[in-house]
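Colleague: Structure: my_file_26.csv, CSV, C-alpha atoms and all ligand atoms.
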```csv
chain,number,residue,atom,x,y,z
A,757,MET,CA,0.0,0.0,0.0
A,758,SER,CA,1.4,3.4,-0.9
A,759,SER,CA,1.9,6.1,1.7
A,760,MET,CA,-0.7,8.2,0.0
A,761,GLN,CA,-3.3,5.4,0.4
A,762,LEU,CA,-2.3,5.1,4.1
A,763,ILE,CA,-2.8,8.8,4.6
A,764,ASP,CA,-6.2,8.5,2.9
A,765,ARG,CA,-7.2,5.6,5.1
A,766,TYR,CA,-6.6,7.3,8.4
A,767,SER,CA,-7.2,11.0,7.3
A,768,ARG,CA,-10.3,11.5,9.4
A,769,GLN,CA,-8.5,10.0,12.5
A,770,VAL,CA,-5.2,11.8,11.9
A,771,ALA,CA,-7.1,15.0,11.9
A,772,VAL,CA,-7.9,14.2,15.6
A,773,ILE,CA,-4.9,12.3,17.0
A,774,GLY,CA,-2.2,13.8,14.7
A,775,LYS,CA,0.4,12.0,12.6
A,776,GLU,CA,2.3,11.2,15.7
A,777,GLY,CA,-0.7,9.5,17.3
A,778,GLN,CA,-1.2,7.5,14.1
A,779,GLU,CA,2.5,6.5,14.1
A,780,LYS,CA,2.1,5.3,17.7
A,781,LEU,CA,-0.9,3.2,16.8
A,782,SER,CA,0.9,1.6,13.9
A,783,LYS,CA,3.7,0.4,16.3
A,784,ALA,CA,1.4,-0.8,19.0
A,785,ARG,CA,0.7,-4.4,19.9
A,786,VAL,CA,-2.6,-5.2,21.5
A,787,ALA,CA,-4.1,-8.5,22.7
A,788,VAL,CA,-7.8,-8.9,22.7
A,789,ILE,CA,-8.8,-11.7,25.1
A,790,GLY,CA,-12.1,-13.2,24.1
A,791,LEU,CA,-13.7,-12.8,20.7
A,792,GLY,CA,-17.4,-12.7,21.8
A,793,GLY,CA,-19.6,-9.6,21.7
A,794,LEU,CA,-17.0,-7.3,23.2
A,795,GLY,CA,-13.9,-8.8,21.6
A,796,SER,CA,-15.3,-9.0,18.0
A,797,LEU,CA,-16.2,-5.3,18.1
A,798,VAL,CA,-13.1,-4.1,19.9
A,799,SER,CA,-10.9,-5.9,17.4
A,800,MET,CA,-12.8,-4.4,14.5
A,801,TYR,CA,-12.3,-0.9,15.8
A,802,LEU,CA,-8.6,-1.5,16.6
A,803,ALA,CA,-8.0,-3.1,13.2
A,804,GLY,CA,-9.8,-0.2,11.5
A,805,ALA,CA,-7.8,2.3,13.6
A,806,GLY,CA,-4.5,0.9,12.3
A,807,VAL,CA,-3.1,-0.8,15.4
A,808,GLY,CA,0.2,-2.4,14.3
A,809,GLU,CA,-0.4,-5.9,15.7
A,810,LEU,CA,-3.5,-7.5,17.1
A,811,THR,CA,-3.4,-10.8,18.9
A,812,ILE,CA,-6.9,-12.3,19.2
A,813,VAL,CA,-7.5,-15.1,21.7
A,814,ASP,CA,-10.6,-17.4,21.9
A,815,TYR,CA,-11.2,-21.2,21.9
A,816,ASP,CA,-14.9,-21.0,21.0
A,817,THR,CA,-16.8,-21.6,17.8
A,818,VAL,CA,-19.6,-19.3,16.4
A,819,SER,CA,-23.1,-20.1,17.6
A,820,LEU,CA,-26.4,-18.8,16.2
A,821,THR,CA,-27.1,-17.2,19.6
A,822,ASP,CA,-24.0,-15.0,19.1
A,823,LEU,CA,-25.1,-13.3,16.0
A,824,HIS,CA,-27.3,-10.6,17.6
A,825,ARG,CA,-24.2,-8.9,19.1
A,826,GLN,CA,-21.0,-10.5,17.7
A,827,LEU,CA,-21.1,-8.5,14.5
A,828,LEU,CA,-17.8,-9.9,13.2
A,829,TYR,CA,-19.6,-13.2,12.3
A,830,ARG,CA,-22.3,-14.2,9.9
A,831,GLU,CA,-24.8,-17.1,9.8
A,832,GLU,CA,-22.6,-19.1,7.4
A,833,ASP,CA,-19.9,-19.0,10.2
A,834,VAL,CA,-21.9,-21.0,12.7
A,835,GLY,CA,-19.9,-23.9,14.0
A,836,LYS,CA,-16.5,-22.5,12.8
A,837,PRO,CA,-13.7,-21.4,15.2
A,838,LYS,CA,-14.1,-17.7,16.0
A,839,VAL,CA,-10.4,-16.8,15.5
A,840,GLU,CA,-10.4,-18.4,12.1
A,841,ILE,CA,-13.3,-16.2,10.9
A,842,ALA,CA,-12.0,-13.2,12.7
A,843,VAL,CA,-8.5,-13.3,11.1
A,844,ARG,CA,-10.1,-13.2,7.7
A,845,ARG,CA,-12.6,-10.5,8.4
A,846,LEU,CA,-10.2,-8.3,10.2
A,847,HIS,CA,-7.7,-8.7,7.4
A,848,ASP,CA,-10.4,-7.8,4.8
A,849,LEU,CA,-11.1,-4.7,6.9
A,850,ASN,CA,-7.5,-3.6,7.1
A,851,PRO,CA,-4.7,-5.7,5.4
A,852,THR,CA,-2.0,-3.4,6.9
A,853,VAL,CA,-2.7,-4.8,10.4
A,854,LYS,CA,-0.9,-7.9,11.5
A,855,ILE,CA,-3.4,-10.3,13.0
A,856,LYS,CA,-2.2,-13.1,15.2
A,857,PRO,CA,-4.8,-15.7,16.1
A,858,VAL,CA,-4.6,-17.9,19.2
A,859,ASN,CA,-7.3,-20.7,19.1
A,860,ASP,CA,-7.1,-21.4,22.8
A,861,ALA,CA,-8.3,-20.1,26.1
A,862,LEU,CA,-6.0,-17.9,28.1
A,863,THR,CA,-4.6,-20.1,30.8
A,864,GLU,CA,-1.9,-19.9,33.5
A,865,ASP,CA,0.4,-21.9,31.2
A,866,ASN,CA,0.1,-19.7,28.1
A,867,ALA,CA,-0.8,-16.2,29.5
A,868,GLU,CA,2.8,-15.0,29.8
A,869,LYS,CA,3.7,-16.1,26.4
A,870,ILE,CA,0.7,-14.5,24.8
A,871,LEU,CA,0.8,-11.2,26.8
A,872,GLY,CA,4.6,-10.9,27.2
A,873,GLY,CA,5.2,-8.9,24.0
A,874,MET,CA,2.1,-6.8,24.2
A,875,ASP,CA,1.7,-3.1,25.0
A,876,ILE,CA,-1.9,-3.4,26.2
A,877,ALA,CA,-4.4,-6.2,26.9
A,878,VAL,CA,-8.2,-6.0,26.5
A,879,ASP,CA,-10.5,-7.9,28.8
A,880,ALA,CA,-13.4,-9.1,26.5
A,881,LEU,CA,-14.1,-12.2,28.5
A,882,ASP,CA,-17.4,-13.3,30.1
A,883,ASN,CA,-16.3,-15.2,33.2
A,884,TRP,CA,-14.5,-14.5,36.4
A,885,LEU,CA,-12.2,-17.5,36.1
A,886,GLY,CA,-10.7,-16.3,32.9
A,887,ARG,CA,-10.5,-12.8,34.2
A,888,GLN,CA,-8.5,-14.0,37.2
A,889,VAL,CA,-5.9,-15.6,35.0
A,890,LEU,CA,-5.8,-12.4,32.9
A,891,ASN,CA,-5.5,-10.1,35.9
A,892,GLU,CA,-2.6,-12.1,37.5
A,893,ALA,CA,-0.8,-12.1,34.2
A,894,ILE,CA,-1.0,-8.4,33.5
A,895,ILE,CA,-0.1,-7.5,37.1
A,896,LYS,CA,2.9,-9.9,36.9
A,897,LEU,CA,4.0,-8.5,33.5
A,898,ARG,CA,3.0,-4.9,34.4
A,899,LYS,CA,0.9,-4.4,31.3
A,900,PRO,CA,-2.1,-2.1,31.2
A,901,LEU,CA,-5.5,-3.8,30.9
A,902,VAL,CA,-8.8,-2.3,29.7
A,903,HIS,CA,-11.6,-4.2,31.4
A,904,GLY,CA,-15.1,-4.4,30.1
A,905,ALA,CA,-18.1,-6.5,31.1
A,906,VAL,CA,-21.8,-6.6,30.1
A,907,ASN,CA,-25.0,-8.0,31.4
A,908,GLY,CA,-28.6,-7.3,30.4
A,909,TRP,CA,-28.9,-3.6,29.7
A,910,TYR,CA,-25.8,-2.8,31.7
A,911,GLY,CA,-22.1,-2.5,31.0
A,912,GLN,CA,-18.9,-1.3,32.7
A,913,VAL,CA,-15.4,-0.3,31.8
A,914,SER,CA,-12.2,0.4,33.7
A,915,THR,CA,-8.6,0.7,32.9
A,916,ILE,CA,-6.0,-1.0,35.1
A,917,ILE,CA,-2.5,0.3,35.4
A,918,PRO,CA,-0.5,-2.2,37.5
A,919,GLY,CA,0.9,-0.7,40.6
A,920,LYS,CA,-1.0,2.6,40.1
A,921,THR,CA,-4.7,1.6,40.1
A,922,PRO,CA,-6.6,-1.2,41.8
A,923,CYS,CA,-6.5,-4.4,39.8
A,924,LEU,CA,-9.5,-6.5,38.8
A,925,PHE,CA,-9.4,-8.4,42.1
A,926,GLU,CA,-9.8,-5.1,43.9
A,927,LEU,CA,-12.4,-3.8,41.4
A,928,VAL,CA,-14.8,-6.8,42.2
A,929,HIS,CA,-14.6,-5.8,45.9
A,930,VAL,CA,-16.3,-2.5,44.9
A,931,ARG,CA,-18.8,-3.9,42.4
A,932,SER,CA,-19.2,-7.6,41.8
A,933,LEU,CA,-19.1,-8.8,38.2
A,934,PRO,CA,-22.2,-10.1,36.6
A,935,GLN,CA,-22.6,-13.7,37.6
A,936,CYS,CA,-24.3,-15.6,34.7
A,937,VAL,CA,-25.6,-19.1,35.0
A,938,GLY,CA,-24.8,-20.9,31.8
A,939,TYR,CA,-24.8,-17.8,29.7
A,940,CYS,CA,-25.1,-14.0,30.1
A,941,PRO,CA,-28.3,-12.5,28.9
A,942,VAL,CA,-27.6,-9.3,27.1
A,943,VAL,CA,-29.1,-6.7,24.7
A,944,GLY,CA,-26.9,-6.4,21.6
A,945,PRO,CA,-26.3,-2.7,21.4
A,946,ILE,CA,-25.0,-2.3,25.1
A,947,VAL,CA,-22.2,-4.6,24.0
A,948,GLY,CA,-21.5,-2.1,21.2
A,949,VAL,CA,-21.4,0.8,23.7
A,950,ILE,CA,-19.0,-1.0,26.1
A,951,ALA,CA,-16.8,-2.3,23.3
A,952,SER,CA,-16.5,1.2,21.8
A,953,ILE,CA,-15.5,2.6,25.1
A,954,GLU,CA,-12.9,-0.1,25.5
A,955,ALA,CA,-11.5,0.6,22.0
A,956,LEU,CA,-11.4,4.3,22.9
A,957,GLU,CA,-9.4,3.6,26.1
A,958,VAL,CA,-6.9,1.5,24.1
A,959,ILE,CA,-6.4,4.4,21.5
A,960,LYS,CA,-6.0,6.9,24.3
A,961,LEU,CA,-3.5,4.8,26.2
A,962,ILE,CA,-1.4,4.2,23.0
A,963,THR,CA,-1.4,7.8,21.9
A,964,GLY,CA,-1.2,9.3,25.4
A,965,ILE,CA,-4.1,11.6,24.5
A,966,GLY,CA,-6.9,12.3,27.0
A,967,GLU,CA,-7.8,10.9,30.4
A,968,PRO,CA,-8.2,7.1,30.7
A,969,LEU,CA,-10.6,5.5,33.2
A,970,ALA,CA,-7.7,4.6,35.4
A,971,GLY,CA,-8.8,4.0,39.0
A,972,LYS,CA,-12.4,4.6,37.9
A,973,LEU,CA,-15.2,2.3,37.0
A,974,LEU,CA,-17.7,3.6,34.4
A,975,VAL,CA,-21.1,1.9,34.8
A,976,ILE,CA,-23.7,2.4,32.1
A,977,ASP,CA,-27.4,1.4,32.4
A,978,GLY,CA,-28.6,1.5,28.9
A,979,LYS,CA,-32.2,1.0,29.9
A,980,ASN,CA,-32.6,4.2,31.9
A,981,TRP,CA,-29.4,6.0,30.8
A,982,VAL,CA,-28.0,6.2,34.3
A,983,ILE,CA,-24.2,6.6,33.9
A,984,ASP,CA,-22.1,6.4,37.0
A,985,GLU,CA,-18.4,6.9,37.5
A,986,ILE,CA,-17.2,5.1,40.6
A,987,LYS,CA,-13.9,6.0,42.1
A,988,LEU,CA,-12.0,2.8,42.9
A,989,SER,CA,-9.8,2.6,46.0
A,990,ARG,CA,-7.0,0.2,46.8
A,991,VAL,CA,-7.7,-2.9,48.8
A,992,GLU,CA,-5.1,-3.3,51.4
A,993,ASN,CA,-2.9,-6.4,50.9
A,994,CYS,CA,-4.5,-7.3,47.6
A,995,PRO,CA,-3.3,-10.9,47.2
A,996,VAL,CA,-2.5,-10.4,43.5
A,997,CYS,CA,-0.7,-7.0,43.7
A,998,SER,CA,1.1,-7.9,46.9
A,999,ARG,CA,2.3,-11.1,45.4
A,1000,TYR,CA,3.7,-9.7,42.1
A,1001,LEU,CA,4.4,-6.0,42.8
A,1002,LYS,CA,7.2,-5.1,45.1
A,1003,GLU,CA,6.6,-2.2,47.5
A,1004,LYS,CA,8.3,1.0,46.3
B,1101,ZN,ZN,-4.6,-5.8,43.2
```
Show how you would write the structure in this file as structure tokens.

Modeller:
Amino acid sequence: MSSMQLIDRYSRQVAVIGKEGQEKLSKARVAVIGLGGLGSLVSMYLAGAGVGELTIVDYDTVSLTDLHRQLLYREEDVGKPKVEIAVRRLHDLNPTVKIKPVNDALTEDNAEKILGGMDIAVDALDNWLGRQVLNEAIIKLRKPLVHGAVNGWYGQVSTIIPGKTPCLFELVHVRSLPQCVGYCPVVGPIVGVIASIEALEVIKLITGIGEPLAGKLLVIDGKNWVIDEIKLSRVENCPVCSRYLKEK
């Protein structure tokens, strides 16, 4: 692709974040953990924005019940591995972005290998067990994490900077995560709202522009449009942070 085409592709965005911001995006490596509702939309926005390298992690296949919110997939994809479809669609969207698929769950065994070379991780998971693994890994590796979760008409976002803000373990002390039995019921567009905010947080962290939701939890009720920003405070002797972060 010629440099002229590249300028064309990002011209509306460069007008906001500048050439320097675009340059930073093109060098950034982001891991999106989970390719469901949140992950499929976050990865589309980040691929579109021109993030240099996108690692996408999911072990699941596409279901018919995913299609009302997981807009990366189509009916013909049902039964196929999500990462396999996602690589193709994200490449079609922006061939200049390097997409690395991991057809696996994030586990204690592979987390450091997957996240080690990353600049930022995105929590697009739907369960606490997976989030615990992700939280431990980013605290240990000192990588920023953009957390998002959805349930019903609700969603929430927070940005975790290891050592500076409360981690996910501390966050759930303030507001417990949605506990879903079997599956999480959710209205499609609230996933889009939360995924968009997560993608914005990533772009802000990479470019250094604006004020991220560090130490703050944004909670959105899409049914009544009640939007709260909850200040998060540290939990003394957090078992995750005290294990991996040395006192300064
Ligand atoms: Zn902690």

Colleague: From the options A:Val942, A:Ala771, A:Leu849, A:Leu862, which residue's atoms come nearest to Ile812 of chain A, counting all atoms listed in the file?

Modeller: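 With all atoms listed in the file as the atom set, the closest residue is A:Leu862.
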
Colleague: Would you mind telling me which residue in A:Gly964, A:Gly919, A:Gly904, A:Pro945 lies nearest to ligand ZN 1101 (chain B) when using all atoms listed in the file?

Modeller: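 Closest to ligand ZN 1101 (chain B), using all atoms listed in the file: A:Gly919.
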
Colleague: Write as number ranges by chain the residues around ligand ZN 1101 (chain B), taking 7 Å as the cut-off and counting all atoms listed in the file.

Modeller: A: 922-926, 994-997

Colleague: Grab the atom CA of Leu956 of chain A to atom CA of Val834 of chain A distance for me, in Å with one decimal place.

Modeller: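 It comes out at 29.2 Å.
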
Colleague: As an exercise, work out the distance from atom CA of Glu809 of chain A to atom CA of Ala784 of chain A in Å and give it to one decimal place.

Modeller: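 So the two atoms, atom CA of Glu809 of chain A and atom CA of Ala784 of chain A, lie 6.3 Å apart.
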
Colleague: So, with all atoms listed in the file as the atoms that count, which of A:Val928, A:Ile959, A:Ala970, A:Val902 lies closest to Gln769 of chain A?

Modeller: A:Ile959

Colleague: Just to confirm, what's the straight-line distance from atom CA of Pro857 of chain A to atom CA of Asp814 of chain A in Å (one decimal)?

Modeller: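 Distance between the two atoms: 8.4 Å.
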
Colleague: Ile946 of chain A: which residues within 7 Å, counting all atoms listed in the file, same-chain residues fewer than 4 positions away excluded, as a ChimeraX atom specification?

Modeller: /A:909-911,950,978

Colleague: Excluding same-chain residues fewer than 2 positions from Pro934 of chain A, what lies within 10 Å of it counting all atoms listed in the file, as a ChimeraX atom specification?

Modeller: /A:882-884,905-908,910-911,928,931-932,936-937,940

Colleague: Given the choices A:Glu967, A:Glu985, A:Asp977, A:Asp822, which gets closest to Gly793 of chain A if the distance is worked out from all atoms listed in the file?

Modeller: A:Asp822

Colleague: Nearest residue to Glu864 of chain A out of A:Leu890, A:Val788, A:Leu846, A:Val839, using only C-alpha atoms?

Modeller: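 Nearest candidate to Glu864 of chain A out of A:Leu890, A:Val788, A:Leu846, A:Val839: A:Leu890.
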
Colleague: Looking at A:Thr817, A:Asn850, A:Asn993, A:Ser914, which one is nearest to Glu954 of chain A, with distances taken over all atoms listed in the file?

Modeller: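 When distances to Glu954 of chain A are compared using all atoms listed in the file, the smallest one comes from A:Ser914.
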
Colleague: For Pro900 of chain A, please output as a list in words all residues within 8 Å (counting all atoms listed in the file; exclusion window: fewer than 6 positions along the same chain).

Modeller: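 Using all atoms listed in the file, the neighbours found are Asp875, Ile876, Ala877, Ile894, Thr915, Ile916, Ile917 and Pro918 of chain A.
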
Colleague: Around (-9.1, -20.2, 29.3) in the file's own coordinates, what residues are found within 10 Å if you use all atoms listed in the file, given back as a PyMOL selection string?

Modeller: chain A and resi 789-790+813-815+860-867+881+883+885-887+889-890

Colleague: Store the residues of this selection in a file with C-alpha atoms, as an mmCIF file, in the frame of the given file.

Modeller:
```cif
data_model
loop_
_atom_site.group_PDB
_atom_site.id
_atom_site.type_symbol
_atom_site.label_atom_id
_atom_site.label_comp_id
_atom_site.auth_asym_id
_atom_site.auth_seq_id
_atom_site.Cartn_x
_atom_site.Cartn_y
_atom_site.Cartn_z
ATOM 1 C CA ILE A 789 -8.800 -11.700 25.100
ATOM 2 C CA GLY A 790 -12.100 -13.200 24.100
ATOM 3 C CA VAL A 813 -7.500 -15.100 21.700
ATOM 4 C CA ASP A 814 -10.600 -17.400 21.900
ATOM 5 C CA TYR A 815 -11.200 -21.200 21.900
ATOM 6 C CA ASP A 860 -7.100 -21.400 22.800
ATOM 7 C CA ALA A 861 -8.300 -20.100 26.100
ATOM 8 C CA LEU A 862 -6.000 -17.900 28.100
ATOM 9 C CA THR A 863 -4.600 -20.100 30.800
ATOM 10 C CA GLU A 864 -1.900 -19.900 33.500
ATOM 11 C CA ASP A 865 0.400 -21.900 31.200
ATOM 12 C CA ASN A 866 0.100 -19.700 28.100
ATOM 13 C CA ALA A 867 -0.800 -16.200 29.500
ATOM 14 C CA LEU A 881 -14.100 -12.200 28.500
ATOM 15 C CA ASN A 883 -16.300 -15.200 33.200
ATOM 16 C CA LEU A 885 -12.200 -17.500 36.100
ATOM 17 C CA GLY A 886 -10.700 -16.300 32.900
ATOM 18 C CA ARG A 887 -10.500 -12.800 34.200
ATOM 19 C CA VAL A 889 -5.900 -15.600 35.000
ATOM 20 C CA LEU A 890 -5.800 -12.400 32.900
#
```

Colleague: With a distance cut-off of 8 Å and all atoms listed in the file, select the neighbouring residues of Leu988 of chain A, excluding the residue or stretch itself and same-chain residues fewer than 5 positions from it, and output the selection as number ranges by chain.

Modeller: A: 921-922, 927, 930, 971-973

Colleague: Counting all atoms listed in the file, what is within 12 Å of Val843 of chain A, bar same-chain residues fewer than 2 positions away, as a PyMOL selection string?

Modeller: chain A and resi 791+796+799-800+803+809-814+828-829+837-841+845-851+853-859

Colleague: Write a file of the just-selected residues containing C-alpha atoms, as a CSV table (one decimal), in the coordinates of the input.

Modeller:
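This went into again-v3.csv:
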```
chain,number,residue,atom,x,y,z
A,791,LEU,CA,-13.7,-12.8,20.7
A,796,SER,CA,-15.3,-9.0,18.0
A,799,SER,CA,-10.9,-5.9,17.4
A,800,MET,CA,-12.8,-4.4,14.5
A,803,ALA,CA,-8.0,-3.1,13.2
A,809,GLU,CA,-0.4,-5.9,15.7
A,810,LEU,CA,-3.5,-7.5,17.1
A,811,THR,CA,-3.4,-10.8,18.9
A,812,ILE,CA,-6.9,-12.3,19.2
A,813,VAL,CA,-7.5,-15.1,21.7
A,814,ASP,CA,-10.6,-17.4,21.9
A,828,LEU,CA,-17.8,-9.9,13.2
A,829,TYR,CA,-19.6,-13.2,12.3
A,837,PRO,CA,-13.7,-21.4,15.2
A,838,LYS,CA,-14.1,-17.7,16.0
A,839,VAL,CA,-10.4,-16.8,15.5
A,840,GLU,CA,-10.4,-18.4,12.1
A,841,ILE,CA,-13.3,-16.2,10.9
A,845,ARG,CA,-12.6,-10.5,8.4
A,846,LEU,CA,-10.2,-8.3,10.2
A,847,HIS,CA,-7.7,-8.7,7.4
A,848,ASP,CA,-10.4,-7.8,4.8
A,849,LEU,CA,-11.1,-4.7,6.9
A,850,ASN,CA,-7.5,-3.6,7.1
A,851,PRO,CA,-4.7,-5.7,5.4
A,853,VAL,CA,-2.7,-4.8,10.4
A,854,LYS,CA,-0.9,-7.9,11.5
A,855,ILE,CA,-3.4,-10.3,13.0
A,856,LYS,CA,-2.2,-13.1,15.2
A,857,PRO,CA,-4.8,-15.7,16.1
A,858,VAL,CA,-4.6,-17.9,19.2
A,859,ASN,CA,-7.3,-20.7,19.1
```
